[in-house]
Amino acid sequence: LLVKLLAYRLLYPLRTYLVVSGAWDVEANVMAADWVTVLSAKPFLIGVAVSPKRYTHSLIEKYGEFVISVPNINMIKDVWIVGSESGPSKLSKVGFTLVKAKSIKTPIVKEAVANLECRVIDKHVYGDHTFFVGMVVDYSYDPKAYVDTTPNLDAGFIAHIAWNKFIKISGEVVET
Ligand SMILES: Cc1cc2nc3c(=O)[nH]c(=O)nc-3n(C[C@H](O)[C@H](O)[C@H](O)COP(=O)(O)O)c2cc1C
């Protein structure tokens with residue numbers, strides 16, 4: 001494999017999320033995404049940069065919705081599958097389950113520690129990615145993974161280092 005220095009990696013480690021797209025009863029897809037950010041607390045807005053090369057891009061355009069799911073270390077093999085293969089056929093290889101969301105047509109990942117259900121309110125092309133802005137209209141999470149909305153590190157949150165290397169977030173919590 002050709003290994004290049006990709007300068008955006010200077011910002012890593014970054015958390016890795018899953019982007020679910022499509023509609024649960026028609027067609028659905030999942031990809032991995034590092035380039036996810038909070039934009040506003042009230043209203044709760046999040047953004048994700050998706051390359052137009054991704055199958056996910058066409059489904060977000062078609063349905064105007066997406067879900068950001070938070071995977072944990074138990075899902076790491078599946079994170080890699082959905083982050084390295086294109087199109088819904090890859091879903092036959094993964095161990096997680098897509099189930100109906102609370103408020104949108106796009107399904108959520110049952111095994112993820114959290115799922116944020118988003119309606120696209122804006123999009124803009126920046127360079128080689130489209131930045132989709134989503135209003136979080138509903139969410140669900142594993143109450144064991146968050147204590148009073150603070151992440152419980154026992155839940156095995158993950159971050160991305162490079163290519164197929166990830167870390168489980170653990171260790172000393174420093175209080176200031
Ligand atoms: C850890 C990881 C993070 C990724 N982050 C992004 C991202 O933020 N934006 C993006 O467009 N692609 C990202 N990708 C690439 C897509 O996940 C990958 O191209 C995937 O195969 C697209 O699937 P699709 O064509 O079925 O939508 C990432 C891949 C990995 C492994």
# chains A, B, ... in the order shown; residues from 1 in each chain; ligands from 1
>>> closest_atom_pairs(of="stretch 131-176 of chain A", to="stretch 111-116 of chain A", cutoff="6 Å", atoms="only C-alpha atoms", output="tab-separated table")
residue	atom	partner	partner_atom	distance
A:Tyr139	CA	A:Leu116	CA	4.5
A:Ser140	CA	A:Asn115	CA	5.4
A:Tyr141	CA	A:Ala114	CA	4.0
A:Asp142	CA	A:Val113	CA	5.1
>>> closest_atom_pairs(of="chain A", to="ligand 1", cutoff="7 Å", atoms="only C-alpha atoms and all ligand atoms", output="JSON lines")
{"residue": "A:Thr16", "atom": "CA", "partner": "ligand 1", "partner_atom_place_in_ligand_line": "1 (C)", "distance": 5.6}
{"residue": "A:Asn29", "atom": "CA", "partner": "ligand 1", "partner_atom_place_in_ligand_line": "26 (O)", "distance": 6.1}
{"residue": "A:Val30", "atom": "CA", "partner": "ligand 1", "partner_atom_place_in_ligand_line": "26 (O)", "distance": 6.1}
{"residue": "A:Met31", "atom": "CA", "partner": "ligand 1", "partner_atom_place_in_ligand_line": "17 (O)", "distance": 4.3}
{"residue": "A:Ala32", "atom": "CA", "partner": "ligand 1", "partner_atom_place_in_ligand_line": "17 (O)", "distance": 3.8}
{"residue": "A:Ala33", "atom": "CA", "partner": "ligand 1", "partner_atom_place_in_ligand_line": "5 (N)", "distance": 3.2}
{"residue": "A:Asp34", "atom": "CA", "partner": "ligand 1", "partner_atom_place_in_ligand_line": "8 (O)", "distance": 4.1}
{"residue": "A:Trp35", "atom": "CA", "partner": "ligand 1", "partner_atom_place_in_ligand_line": "8 (O)", "distance": 3.8}
{"residue": "A:Val36", "atom": "CA", "partner": "ligand 1", "partner_atom_place_in_ligand_line": "8 (O)", "distance": 6.5}
{"residue": "A:Val48", "atom": "CA", "partner": "ligand 1", "partner_atom_place_in_ligand_line": "8 (O)", "distance": 6.7}
{"residue": "A:Ala49", "atom": "CA", "partner": "ligand 1", "partner_atom_place_in_ligand_line": "9 (N)", "distance": 5.2}
{"residue": "A:Val50", "atom": "CA", "partner": "ligand 1", "partner_atom_place_in_ligand_line": "11 (O)", "distance": 3.4}
{"residue": "A:Ser51", "atom": "CA", "partner": "ligand 1", "partner_atom_place_in_ligand_line": "11 (O)", "distance": 3.9}
{"residue": "A:Lys53", "atom": "CA", "partner": "ligand 1", "partner_atom_place_in_ligand_line": "25 (O)", "distance": 6.7}
{"residue": "A:Arg54", "atom": "CA", "partner": "ligand 1", "partner_atom_place_in_ligand_line": "25 (O)", "distance": 3.6}
{"residue": "A:Tyr55", "atom": "CA", "partner": "ligand 1", "partner_atom_place_in_ligand_line": "25 (O)", "distance": 3.7}
{"residue": "A:Thr56", "atom": "CA", "partner": "ligand 1", "partner_atom_place_in_ligand_line": "27 (O)", "distance": 3.6}
{"residue": "A:His57", "atom": "CA", "partner": "ligand 1", "partner_atom_place_in_ligand_line": "27 (O)", "distance": 6.4}
{"residue": "A:Val79", "atom": "CA", "partner": "ligand 1", "partner_atom_place_in_ligand_line": "31 (C)", "distance": 6.9}
{"residue": "A:Trp80", "atom": "CA", "partner": "ligand 1", "partner_atom_place_in_ligand_line": "31 (C)", "distance": 5.3}
{"residue": "A:Val82", "atom": "CA", "partner": "ligand 1", "partner_atom_place_in_ligand_line": "21 (O)", "distance": 5.7}
{"residue": "A:Gly83", "atom": "CA", "partner": "ligand 1", "partner_atom_place_in_ligand_line": "17 (O)", "distance": 3.4}
{"residue": "A:Ser84", "atom": "CA", "partner": "ligand 1", "partner_atom_place_in_ligand_line": "21 (O)", "distance": 4.1}
{"residue": "A:Glu85", "atom": "CA", "partner": "ligand 1", "partner_atom_place_in_ligand_line": "21 (O)", "distance": 4.0}
{"residue": "A:Ser86", "atom": "CA", "partner": "ligand 1", "partner_atom_place_in_ligand_line": "26 (O)", "distance": 3.4}
{"residue": "A:Gly87", "atom": "CA", "partner": "ligand 1", "partner_atom_place_in_ligand_line": "26 (O)", "distance": 3.7}
{"residue": "A:Pro88", "atom": "CA", "partner": "ligand 1", "partner_atom_place_in_ligand_line": "26 (O)", "distance": 6.1}
{"residue": "A:His129", "atom": "CA", "partner": "ligand 1", "partner_atom_place_in_ligand_line": "11 (O)", "distance": 6.5}
{"residue": "A:His160", "atom": "CA", "partner": "ligand 1", "partner_atom_place_in_ligand_line": "1 (C)", "distance": 5.8}
{"residue": "A:Trp163", "atom": "CA", "partner": "ligand 1", "partner_atom_place_in_ligand_line": "31 (C)", "distance": 6.3}
{"residue": "A:Asn164", "atom": "CA", "partner": "ligand 1", "partner_atom_place_in_ligand_line": "31 (C)", "distance": 6.5}
>>> select_by_dssp(residues="stretch 57-143 of chain A", states="alpha helix (DSSP H)", output="ChimeraX atom specification")
/A:57-63,76-84
>>> atom_distance(atom1="atom CA of A:Ser103", atom2="atom CA of A:Arg119")
9.7 Å
>>> closest_atom_pairs(of="stretch 118-175 of chain A", to="stretch 58-62 of chain A", cutoff="10 Å", atoms="only C-alpha atoms", output="Markdown table")
| residue | atom | partner | partner_atom | distance |
| --- | --- | --- | --- | --- |
| A:Arg119 | CA | A:Ile60 | CA | 9.4 |
| A:Val120 | CA | A:Ile60 | CA | 8.1 |
| A:Lys123 | CA | A:Glu61 | CA | 9.6 |
| A:Phe132 | CA | A:Ile60 | CA | 8.5 |
>>> write_last_selection(atoms="C-alpha atoms", output="PDB file, in the first residue's frame")
ATOM      1  CA  ARG A 119     -32.614  16.469   9.604  1.00  0.00           C
ATOM      2  CA  VAL A 120     -30.461  18.270   7.064  1.00  0.00           C
ATOM      3  CA  LYS A 123     -25.232  21.938   3.139  1.00  0.00           C
ATOM      4  CA  PHE A 132     -24.077  18.588   5.796  1.00  0.00           C
TER       5      PHE A 132
END
>>> atom_distance(atom1="atom CA of A:Leu18", atom2="atom CA of A:Asp128")
19.6 Å
>>> select_by_dssp(residues="stretch 10-175 of chain A", states="strand (DSSP E or B)", output="number ranges by chain")
A: 14-15, 17-23, 27-33, 36-40, 45-50, 65-70, 72, 98-99, 108-109, 114-126, 129-141, 146-147, 150-151, 157-162, 165-168
>>> residues_around(residues="stretch 43-46 of chain A", least_positions_apart="4", cutoff="7 Å", atoms="only C-alpha atoms", output="PyMOL selection string")
chain A and resi 37-39+133-136
>>> residues_around(residues="A:Ile167", least_positions_apart="6", cutoff="9 Å", atoms="only C-alpha atoms", output="MDAnalysis selection string")
chainID A and resid 13 73 157:161
>>> write_last_selection(atoms="N, CA, C and O atoms", output="PDB file, in the first residue's frame")
ATOM      1  N   PRO A  13      -5.363  12.297  17.215  1.00  0.00           N
ATOM      2  CA  PRO A  13      -6.521  11.416  17.077  1.00  0.00           C
ATOM      3  C   PRO A  13      -7.848  12.183  17.053  1.00  0.00           C
ATOM      4  O   PRO A  13      -8.020  13.147  17.773  1.00  0.00           O
ATOM      5  N   ILE A  73     -15.624   0.079  21.189  1.00  0.00           N
ATOM      6  CA  ILE A  73     -14.536  -0.820  20.788  1.00  0.00           C
ATOM      7  C   ILE A  73     -15.058  -2.205  20.374  1.00  0.00           C
ATOM      8  O   ILE A  73     -14.448  -2.874  19.534  1.00  0.00           O
ATOM      9  N   PHE A 157     -15.153   3.916  24.409  1.00  0.00           N
ATOM     10  CA  PHE A 157     -15.179   4.902  23.309  1.00  0.00           C
ATOM     11  C   PHE A 157     -13.906   4.796  22.485  1.00  0.00           C
ATOM     12  O   PHE A 157     -12.842   4.480  23.017  1.00  0.00           O
ATOM     13  N   ILE A 158     -14.025   5.077  21.201  1.00  0.00           N
ATOM     14  CA  ILE A 158     -12.851   4.927  20.326  1.00  0.00           C
ATOM     15  C   ILE A 158     -12.468   6.229  19.632  1.00  0.00           C
ATOM     16  O   ILE A 158     -13.300   7.121  19.446  1.00  0.00           O
ATOM     17  N   ALA A 159     -11.204   6.289  19.264  1.00  0.00           N
ATOM     18  CA  ALA A 159     -10.699   7.399  18.446  1.00  0.00           C
ATOM     19  C   ALA A 159      -9.844   6.793  17.336  1.00  0.00           C
ATOM     20  O   ALA A 159      -9.357   5.665  17.441  1.00  0.00           O
ATOM     21  N   HIS A 160      -9.672   7.569  16.268  1.00  0.00           N
ATOM     22  CA  HIS A 160      -8.945   7.107  15.093  1.00  0.00           C
ATOM     23  C   HIS A 160      -7.534   7.707  15.095  1.00  0.00           C
ATOM     24  O   HIS A 160      -7.375   8.900  15.347  1.00  0.00           O
ATOM     25  N   ILE A 161      -6.563   6.858  14.817  1.00  0.00           N
ATOM     26  CA  ILE A 161      -5.166   7.296  14.738  1.00  0.00           C
ATOM     27  C   ILE A 161      -4.762   7.483  13.277  1.00  0.00           C
ATOM     28  O   ILE A 161      -4.333   8.547  12.859  1.00  0.00           O
TER      29      ILE A 161
END
>>> atom_distance(atom1="atom CA of A:Lys168", atom2="atom CA of A:Ile108")
22.4 Å
>>> closest_residue(among="A:Gly127, A:Glu117, A:Ser89, A:Val20", to="A:Ala101", atoms="only C-alpha atoms")
A:Glu117
